[in-house]
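Shown below: input-v4.txt, with compact mmCIF, C-alpha atoms.
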```
# COMPACT_ATOMS: atom_id res chain seq x y z
CA MET A 17 -46.23 -37.26 8.20
CA ILE A 18 -42.97 -35.52 9.12
CA THR A 19 -43.27 -31.87 10.07
CA GLY A 20 -40.57 -29.25 9.65
CA PRO A 21 -39.97 -28.63 13.38
CA THR A 22 -39.79 -32.39 14.09
CA TRP A 23 -37.32 -33.08 11.28
CA SER A 24 -35.25 -30.05 12.23
CA GLN A 25 -35.11 -30.95 15.90
CA LYS A 26 -33.92 -34.52 15.42
CA LEU A 27 -31.06 -33.32 13.21
CA ARG A 28 -30.21 -30.47 15.59
CA ASP A 29 -30.12 -32.86 18.54
CA GLU A 30 -27.75 -35.23 16.77
CA ILE A 31 -25.47 -32.46 15.47
CA GLY A 32 -25.52 -30.94 18.96
CA LYS A 33 -23.67 -34.00 20.27
CA ALA A 34 -20.59 -32.76 18.38
CA VAL A 35 -21.14 -29.01 17.93
CA ILE A 36 -22.11 -26.65 20.73
CA GLY A 37 -24.08 -23.53 19.75
CA GLN A 38 -24.22 -22.20 16.17
CA ASP A 39 -27.99 -22.71 16.19
CA ALA A 40 -28.64 -20.06 13.54
CA VAL A 41 -25.97 -21.56 11.24
CA VAL A 42 -27.39 -25.07 11.67
CA GLU A 43 -30.86 -23.82 10.74
CA ARG A 44 -29.49 -22.18 7.60
CA LEU A 45 -27.72 -25.40 6.61
CA LEU A 46 -31.00 -27.29 6.92
CA VAL A 47 -32.71 -24.61 4.82
CA ALA A 48 -30.03 -25.06 2.15
CA LEU A 49 -30.60 -28.83 2.13
CA LEU A 50 -34.34 -28.34 1.59
CA ALA A 51 -33.83 -25.60 -1.01
CA ASN A 52 -31.22 -27.64 -2.94
CA GLY A 53 -28.58 -24.95 -2.51
CA HIS A 54 -24.86 -24.77 -1.74
CA VAL A 55 -23.35 -22.95 1.23
CA LEU A 56 -20.20 -20.89 1.79
CA LEU A 57 -19.07 -20.78 5.43
CA GLU A 58 -16.70 -18.01 6.48
CA GLY A 59 -15.10 -17.71 9.90
CA MET A 60 -11.93 -17.70 11.93
CA PRO A 61 -9.95 -20.94 12.39
CA GLY A 62 -11.09 -23.27 15.15
CA LEU A 63 -14.80 -22.44 15.04
CA ALA A 64 -15.81 -26.01 14.06
CA LYS A 65 -16.82 -25.20 10.48
CA THR A 66 -15.44 -28.50 9.20
CA LEU A 67 -16.82 -30.45 12.15
CA LEU A 68 -20.23 -28.88 11.64
CA VAL A 69 -20.49 -29.96 7.99
CA LYS A 70 -19.13 -33.44 8.73
CA SER A 71 -21.61 -33.86 11.59
CA LEU A 72 -24.44 -32.75 9.31
CA GLY A 73 -23.47 -35.40 6.75
CA THR A 74 -23.37 -38.12 9.41
CA ALA A 75 -26.70 -37.11 10.97
CA LEU A 76 -28.31 -36.91 7.53
CA GLY A 77 -27.05 -40.40 6.65
CA VAL A 78 -25.51 -39.46 3.29
CA GLN A 79 -22.13 -40.07 1.70
CA PHE A 80 -19.68 -37.38 2.82
CA GLU A 81 -16.38 -36.41 1.22
CA ARG A 82 -13.90 -33.75 2.30
CA ILE A 83 -11.52 -32.05 -0.13
CA GLN A 84 -8.70 -30.01 1.39
CA PHE A 85 -8.03 -27.23 -1.12
CA THR A 86 -4.34 -26.37 -1.51
CA PRO A 87 -2.35 -24.33 -4.07
CA ASP A 88 -1.06 -27.50 -5.76
CA LEU A 89 -4.48 -29.13 -6.16
CA LEU A 90 -5.50 -30.08 -9.72
CA PRO A 91 -9.01 -30.18 -11.24
CA SER A 92 -8.62 -33.95 -11.71
CA ASP A 93 -8.12 -34.26 -7.94
CA VAL A 94 -11.67 -32.98 -7.55
CA VAL A 95 -13.71 -34.42 -10.42
CA GLY A 96 -11.59 -37.42 -11.39
CA THR A 97 -9.58 -38.50 -14.42
CA MET A 98 -9.17 -41.21 -17.05
CA ILE A 99 -7.07 -44.22 -16.01
CA PHE A 100 -5.26 -46.42 -18.55
CA SER A 101 -5.50 -50.18 -18.07
CA PRO A 102 -2.47 -52.05 -19.50
CA LYS A 103 -4.40 -55.34 -19.56
CA ASP A 104 -6.96 -54.34 -22.18
CA GLY A 105 -5.46 -51.06 -23.39
CA ALA A 106 -8.61 -49.13 -22.50
CA PHE A 107 -9.20 -45.96 -20.54
CA THR A 108 -11.76 -45.94 -17.75
CA ALA A 109 -13.11 -43.04 -15.75
CA HIS A 110 -11.86 -42.80 -12.18
CA ARG A 111 -14.36 -40.73 -10.22
CA GLY A 112 -13.06 -38.10 -7.83
CA PRO A 113 -14.37 -37.10 -4.38
CA ILE A 114 -16.96 -34.81 -5.97
CA PHE A 115 -19.11 -37.95 -6.43
CA ALA A 116 -20.69 -37.78 -3.00
CA ASN A 117 -23.95 -36.44 -1.58
CA LEU A 118 -22.29 -33.85 0.65
CA VAL A 119 -18.91 -32.45 -0.41
CA LEU A 120 -16.90 -30.22 1.90
CA ALA A 121 -14.54 -27.93 0.00
CA ASP A 122 -12.28 -26.97 2.91
CA GLU A 123 -10.49 -23.61 2.58
CA ILE A 124 -11.74 -23.20 -0.97
CA ASN A 125 -9.89 -19.92 -1.46
CA ARG A 126 -6.50 -21.66 -1.17
CA ALA A 127 -6.81 -23.38 -4.55
CA PRO A 128 -6.17 -21.60 -7.87
CA ALA A 129 -8.93 -20.52 -10.22
CA LYS A 130 -8.74 -23.59 -12.47
CA VAL A 131 -9.58 -25.83 -9.52
CA GLN A 132 -12.31 -23.53 -8.24
CA SER A 133 -13.86 -23.48 -11.70
CA ALA A 134 -13.94 -27.29 -11.72
CA LEU A 135 -16.72 -26.96 -9.17
CA LEU A 136 -18.86 -24.73 -11.38
CA GLU A 137 -20.37 -27.43 -13.58
CA ALA A 138 -20.90 -29.69 -10.57
CA MET A 139 -22.60 -27.00 -8.49
CA GLN A 140 -24.85 -25.69 -11.24
CA GLU A 141 -25.55 -28.70 -13.44
CA ARG A 142 -25.12 -31.53 -10.91
CA GLN A 143 -22.84 -33.27 -13.38
CA VAL A 144 -19.15 -33.39 -14.34
CA THR A 145 -17.27 -34.19 -17.52
CA ILE A 146 -14.39 -36.69 -17.46
CA GLY A 147 -12.60 -37.58 -20.67
CA GLY A 148 -15.35 -36.03 -22.77
CA GLN A 149 -18.08 -38.07 -21.07
CA THR A 150 -20.75 -36.59 -18.83
CA HIS A 151 -21.35 -38.22 -15.46
CA LEU A 152 -24.35 -37.37 -13.30
CA LEU A 153 -23.71 -36.70 -9.64
CA PRO A 154 -25.68 -38.53 -6.94
CA ARG A 155 -28.88 -37.08 -5.51
CA PRO A 156 -29.06 -35.20 -3.27
CA PHE A 157 -25.86 -33.26 -3.95
CA PHE A 158 -24.48 -30.30 -2.01
CA VAL A 159 -21.23 -28.38 -1.89
CA MET A 160 -20.43 -26.71 1.41
CA ALA A 161 -17.23 -24.67 1.30
CA THR A 162 -15.23 -22.95 4.03
CA GLN A 163 -12.82 -20.05 3.88
CA ASN A 164 -10.72 -18.06 6.32
CA PRO A 165 -11.44 -14.29 6.09
CA ILE A 166 -8.15 -13.05 7.59
CA GLU A 167 -5.51 -14.84 5.53
CA GLN A 168 -4.69 -13.14 2.23
CA GLU A 169 -1.24 -14.54 1.37
CA GLY A 170 -1.41 -17.65 -0.78
CA THR A 171 -5.15 -17.38 -1.35
CA TYR A 172 -7.26 -16.91 -4.48
CA PRO A 173 -10.50 -14.96 -3.91
CA LEU A 174 -13.55 -16.61 -5.43
CA PRO A 175 -14.79 -14.83 -8.58
CA GLU A 176 -18.31 -13.42 -8.62
CA ALA A 177 -19.42 -16.12 -11.08
CA GLN A 178 -18.69 -18.77 -8.47
CA THR A 179 -19.86 -17.03 -5.29
CA ASP A 180 -23.20 -16.34 -6.98
CA ARG A 181 -23.76 -20.10 -7.18
CA PHE A 182 -23.83 -20.40 -3.41
CA LEU A 183 -27.29 -20.07 -1.91
CA PHE A 184 -25.91 -18.71 1.36
CA LYS A 185 -22.77 -17.09 2.64
CA LEU A 186 -22.85 -17.73 6.38
CA ILE A 187 -20.65 -15.96 8.92
CA VAL A 188 -19.57 -18.33 11.70
CA ASP A 189 -18.88 -16.36 14.88
CA TYR A 190 -17.23 -17.17 18.19
CA PRO A 191 -19.27 -19.14 20.75
CA SER A 192 -20.63 -17.49 23.86
CA LEU A 193 -18.85 -17.79 27.23
CA ALA A 194 -21.32 -20.43 28.40
CA GLU A 195 -21.02 -22.44 25.16
CA GLU A 196 -17.23 -22.40 25.26
CA GLY A 197 -17.32 -23.52 28.89
CA THR A 198 -19.60 -26.41 27.94
CA MET A 199 -17.10 -27.45 25.24
CA MET A 200 -14.33 -27.68 27.81
CA GLN A 201 -16.44 -29.77 30.17
CA ARG A 202 -17.76 -32.10 27.47
CA TRP A 203 -14.67 -32.66 25.35
CA GLY A 204 -11.81 -32.01 27.70
CA GLN A 205 -10.77 -35.66 27.42
CA VAL A 206 -9.73 -37.53 24.28
CA THR A 207 -11.83 -40.56 25.28
CA ARG A 208 -15.04 -38.47 25.29
CA GLN A 209 -15.10 -37.53 21.63
CA PRO A 210 -18.69 -37.73 20.28
CA ALA A 211 -19.96 -40.52 18.04
CA LEU A 212 -22.90 -39.59 15.83
CA THR A 213 -25.46 -41.79 14.09
CA ALA A 214 -27.74 -41.24 11.11
CA VAL A 215 -31.19 -39.99 12.08
CA ALA A 216 -32.38 -39.17 8.53
CA SER A 217 -31.61 -40.16 4.95
CA GLY A 218 -31.08 -38.64 1.53
CA ASP A 219 -34.24 -40.25 0.19
CA GLU A 220 -36.23 -38.72 3.04
CA LEU A 221 -34.78 -35.30 2.23
CA LEU A 222 -35.80 -35.60 -1.42
CA GLN A 223 -39.36 -36.46 -0.35
CA LEU A 224 -39.54 -33.57 2.11
CA ARG A 225 -38.79 -31.11 -0.68
CA GLN A 226 -42.25 -31.83 -2.05
CA SER A 227 -43.74 -30.45 1.18
CA VAL A 228 -41.53 -27.37 0.89
CA ASP A 229 -42.67 -26.73 -2.69
CA VAL A 230 -46.32 -26.32 -1.64
CA VAL A 231 -45.60 -23.61 0.96
CA HIS A 232 -47.63 -20.60 -0.18
CA VAL A 233 -45.90 -17.46 -1.42
CA SER A 234 -48.43 -14.70 -2.13
CA PRO A 235 -48.04 -12.36 -5.12
CA ALA A 236 -47.45 -9.53 -2.63
CA VAL A 237 -44.51 -11.37 -1.05
CA GLN A 238 -43.11 -12.19 -4.49
CA GLY A 239 -43.32 -8.51 -5.30
CA TYR A 240 -41.52 -7.69 -2.05
CA ILE A 241 -38.69 -10.08 -2.96
CA LEU A 242 -38.30 -8.41 -6.34
CA ALA A 243 -38.34 -4.96 -4.74
CA LEU A 244 -35.51 -5.89 -2.37
CA VAL A 245 -33.33 -7.41 -5.08
CA ARG A 246 -33.91 -4.61 -7.57
CA ALA A 247 -33.17 -2.01 -4.89
CA THR A 248 -29.62 -3.36 -4.69
CA ARG A 249 -29.23 -2.80 -8.43
CA THR A 250 -30.42 0.78 -8.04
CA LEU A 251 -27.52 1.40 -5.65
CA ALA A 252 -25.14 0.33 -8.42
CA GLU A 253 -26.46 2.89 -10.93
CA PRO A 254 -24.48 6.10 -11.60
CA VAL A 255 -25.59 9.03 -9.45
CA ALA A 256 -25.27 12.58 -10.75
CA GLY A 257 -23.17 14.56 -8.30
CA GLY A 258 -23.19 11.69 -5.84
CA LYS A 259 -21.44 8.43 -5.18
CA ARG A 260 -22.37 4.87 -5.78
CA LEU A 261 -22.27 2.37 -2.96
CA LEU A 262 -22.20 -0.75 -5.14
CA THR A 263 -20.38 -1.74 -8.32
CA PHE A 264 -23.08 -4.34 -9.01
CA GLY A 265 -26.29 -5.50 -7.40
CA ALA A 266 -27.83 -8.90 -6.85
CA SER A 267 -28.52 -11.17 -9.83
CA PRO A 268 -31.83 -12.94 -10.62
CA ARG A 269 -30.41 -15.92 -8.74
CA ALA A 270 -30.92 -13.86 -5.59
CA SER A 271 -34.66 -13.53 -6.31
CA LEU A 272 -34.99 -17.28 -6.82
CA ALA A 273 -32.89 -17.96 -3.74
CA LEU A 274 -35.07 -15.74 -1.55
CA LEU A 275 -38.18 -17.50 -2.84
CA GLN A 276 -36.80 -21.04 -2.38
CA ALA A 277 -35.10 -20.41 0.95
CA GLY A 278 -38.14 -18.52 2.25
CA ARG A 279 -40.31 -21.56 1.57
CA ALA A 280 -37.82 -23.89 3.24
CA LEU A 281 -37.46 -21.66 6.31
CA ALA A 282 -41.22 -21.37 6.66
CA TRP A 283 -41.63 -25.16 6.49
CA LEU A 284 -38.87 -25.73 9.05
CA ARG A 285 -40.65 -23.38 11.45
CA GLY A 286 -44.01 -25.10 10.96
CA LEU A 287 -45.61 -22.43 8.75
CA ASP A 288 -47.53 -22.96 5.52
CA PHE A 289 -46.86 -19.50 4.08
CA VAL A 290 -43.91 -17.12 3.57
CA SER A 291 -44.11 -13.76 5.30
CA PRO A 292 -42.02 -10.61 4.73
CA ALA A 293 -40.45 -11.17 8.15
CA LEU A 294 -39.00 -14.49 6.98
CA ILE A 295 -37.61 -12.83 3.86
CA GLN A 296 -36.02 -10.09 5.97
CA ASP A 297 -34.55 -12.74 8.28
CA ILE A 298 -32.87 -14.67 5.50
CA ALA A 299 -31.96 -11.82 3.13
CA PRO A 300 -28.48 -10.98 4.55
CA ASP A 301 -27.25 -14.56 4.14
CA ILE A 302 -28.46 -14.63 0.54
CA LEU A 303 -27.39 -11.16 -0.56
CA ARG A 304 -24.07 -10.44 1.23
CA HIS A 305 -21.95 -12.33 -1.32
CA ARG A 306 -23.91 -11.05 -4.31
CA LEU A 307 -23.11 -7.35 -3.87
CA GLY A 308 -19.92 -5.56 -4.91
CA LEU A 309 -18.80 -2.62 -2.78
CA THR A 310 -17.31 0.44 -4.48
CA TYR A 311 -13.97 1.87 -3.34
CA GLU A 312 -15.84 4.81 -1.82
CA ALA A 313 -18.02 2.51 0.26
CA GLU A 314 -15.01 0.51 1.44
CA ALA A 315 -13.17 3.73 2.33
CA GLU A 316 -16.10 4.70 4.55
CA GLU A 317 -15.96 1.24 6.15
CA MET A 318 -19.34 0.29 4.79
CA SER A 319 -20.22 -3.39 4.72
CA THR A 320 -22.61 -5.36 2.55
CA ASP A 321 -24.58 -6.28 5.67
CA LYS A 322 -25.06 -2.58 6.50
CA ILE A 323 -26.23 -1.85 2.96
CA ILE A 324 -28.63 -4.82 3.06
CA ALA A 325 -30.04 -3.56 6.37
CA ASP A 326 -30.61 -0.13 4.82
CA VAL A 327 -32.30 -1.68 1.78
CA ILE A 328 -34.65 -3.68 4.01
CA ALA A 329 -35.42 -0.61 6.13
CA ASN A 330 -36.18 1.55 3.08
CA THR A 331 -38.23 -0.99 1.09
CA VAL A 332 -41.95 -0.73 1.77
CA VAL A 333 -43.75 -3.97 2.59
CA PRO A 334 -46.62 -4.26 0.06
CA VAL A 335 -50.20 -4.24 1.25
CA GLY A 336 -51.48 -7.78 1.64
CA ALA A 337 -48.01 -9.30 2.13
CA ASN A 338 -48.89 -10.22 5.73
CA PRO A 339 -51.79 -12.70 6.00
```
In structure tokens, how does this file's structure come out?
Amino acid sequence: MITGPTWSQKLRDEIGKAVIGQDAVVERLLVALLANGHVLLEGMPGLAKTLLVKSLGTALGVQFERIQFTPDLLPSDVVGTMIFSPKDGAFTAHRGPIFANLVLADEINRAPAKVQSALLEAMQERQVTIGGQTHLLPRPFFVMATQNPIEQEGTYPLPEAQTDRFLFKLIVDYPSLAEEGTMMQRWGQVTRQPALTAVASGDELLQLRQSVDVVHVSPAVQGYILALVRATRTLAEPVAGGKRLLTFGASPRASLALLQAGRALAWLRGLDFVSPALIQDIAPDILRHRLGLTYEAEAEEMSTDKIIADVIANTVVPVGANP
């Protein structure tokens, strides 16, 4: 029987042949795989976001497709289109790159809204419509998107309806001095580029989800999840003589995401129950893209991460939530 730490370590070791550091991000990506969720990666250029997702697809042994989002991209370039055959005068569906197990939407905020919305049905329903016909996407299916936080010209910010469909929004930071030095030593020559092999499979992943589903979540922990999510909505309510920090709080998807991701994180770490500490650990990555800051909060240089930290600090852990 495969355990969470064993499965996690073999994937980490293989990904580590191509990507140095980013241990926390890699763990979150594995959690997303187990929780059947999509991921939005945000970070400066050159931080190996694309390489990380590609390496994950190779190590997992699934079909990987990369879509470079540009302003001139069309929805048919993503999902596919109908092709006319002169021989028999019939139209047949030509499937786009979305028909893969792991799809990388690179620089997703560079494509216009009509292209971004083409992902909505695929991300939520795991199916697309081409020429009026519905086509199921392969299982497992994940969308992992990247975006650059500093470039504003020529970009189209993702609407709330789409960002809410991502399980995580992960911030990819710069490597440490030691990690960057290791990169120079390991890949300073063109001939030493890493070659990865598959150490897992999509079918194995689908089976492992059954182990994740039986991880225990006590009623007290479920209540704690609801308290955290509903506390963000309280901050969006009008305050007499005061100021609101949020224009909107987290949706019910956030509650489900905390529950599912909490189970997956517990299983990866070899636990058979979800504790409040795990929920606190994973909450920023789940909530940061589901909160809308008011102009007053932005003027005071508040961040969603700071608000989430305050919510966690001010929410009482229910009695009995810790075994």
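Closest approach to A:Gln276 among A:Leu183, A:Ala51, A:Ala214, A:Ala325: A:Ala51, based on all atoms listed in the file.
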**Report entry** Contact residues around A:Thr248 with all atoms listed in the file at 8 Å, ignoring same-chain residues under 2 positions, as a VMD selection string
**Finding:** chain A and resid 244 to 246 250 to 252 262 264 to 266 307 324 327
Requested in this report: Just give me the gap between atom CA of A:Leu222 and atom CA of A:Phe158 in Å, one decimal is fine.
Outcome: 12.5 Å
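Between atom CA of A:Leu120 and atom CA of A:Met160 lies a distance of 5.0 Å.
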Report summary line: Restricting to only C-alpha atoms, whichever of A:Val144, A:Leu49, A:Leu89, A:Ala116 is closest to A:Ala129 is A:Leu89
Please identify every residue of stretch 148-261 of chain A that has at least one atom no farther than 10 Å from an atom of stretch 278-283 of chain A, counting only C-alpha atoms, and for each give the shortest atom pair and the distance in Å to one decimal, arranged by chain then increasing number, as a tab-separated table.
```
residue	atom	partner	partner_atom	distance
A:Leu224	CA	A:Trp283	CA	9.7
A:Arg225	CA	A:Ala280	CA	8.3
A:Ser227	CA	A:Trp283	CA	7.8
A:Val228	CA	A:Ala280	CA	5.6
A:Asp229	CA	A:Arg279	CA	7.1
A:Val230	CA	A:Arg279	CA	8.3
A:Val231	CA	A:Arg279	CA	5.7
A:His232	CA	A:Arg279	CA	7.6
A:Val233	CA	A:Arg279	CA	7.5
A:Ile241	CA	A:Gly278	CA	9.9
```
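Atom CA of A:Ala75 sits 17.8 Å away from atom CA of A:His54.
By chain and then residue number, the residues within 10 Å of A:Val215 are Trp23, Lys26, Leu27, Asp29, Glu30, Thr74, Ala75, Leu76, Gly77, Leu212, Thr213 and Ser217 of chain A, counting all atoms listed in the file and disregarding those fewer than 2 positions away in sequence.
Remark: for A:Leu303, the closest of the candidate residues A:Ser271, A:Asn330, A:Asn164, A:Ser133 is A:Ser271 (distances computed over all atoms listed in the file).
With all atoms listed in the file as the atoms that count, the minimum distance from A:Gly32 to the choices A:Arg202, A:Lys259, A:Lys322, A:Arg304 is reached by A:Arg202.
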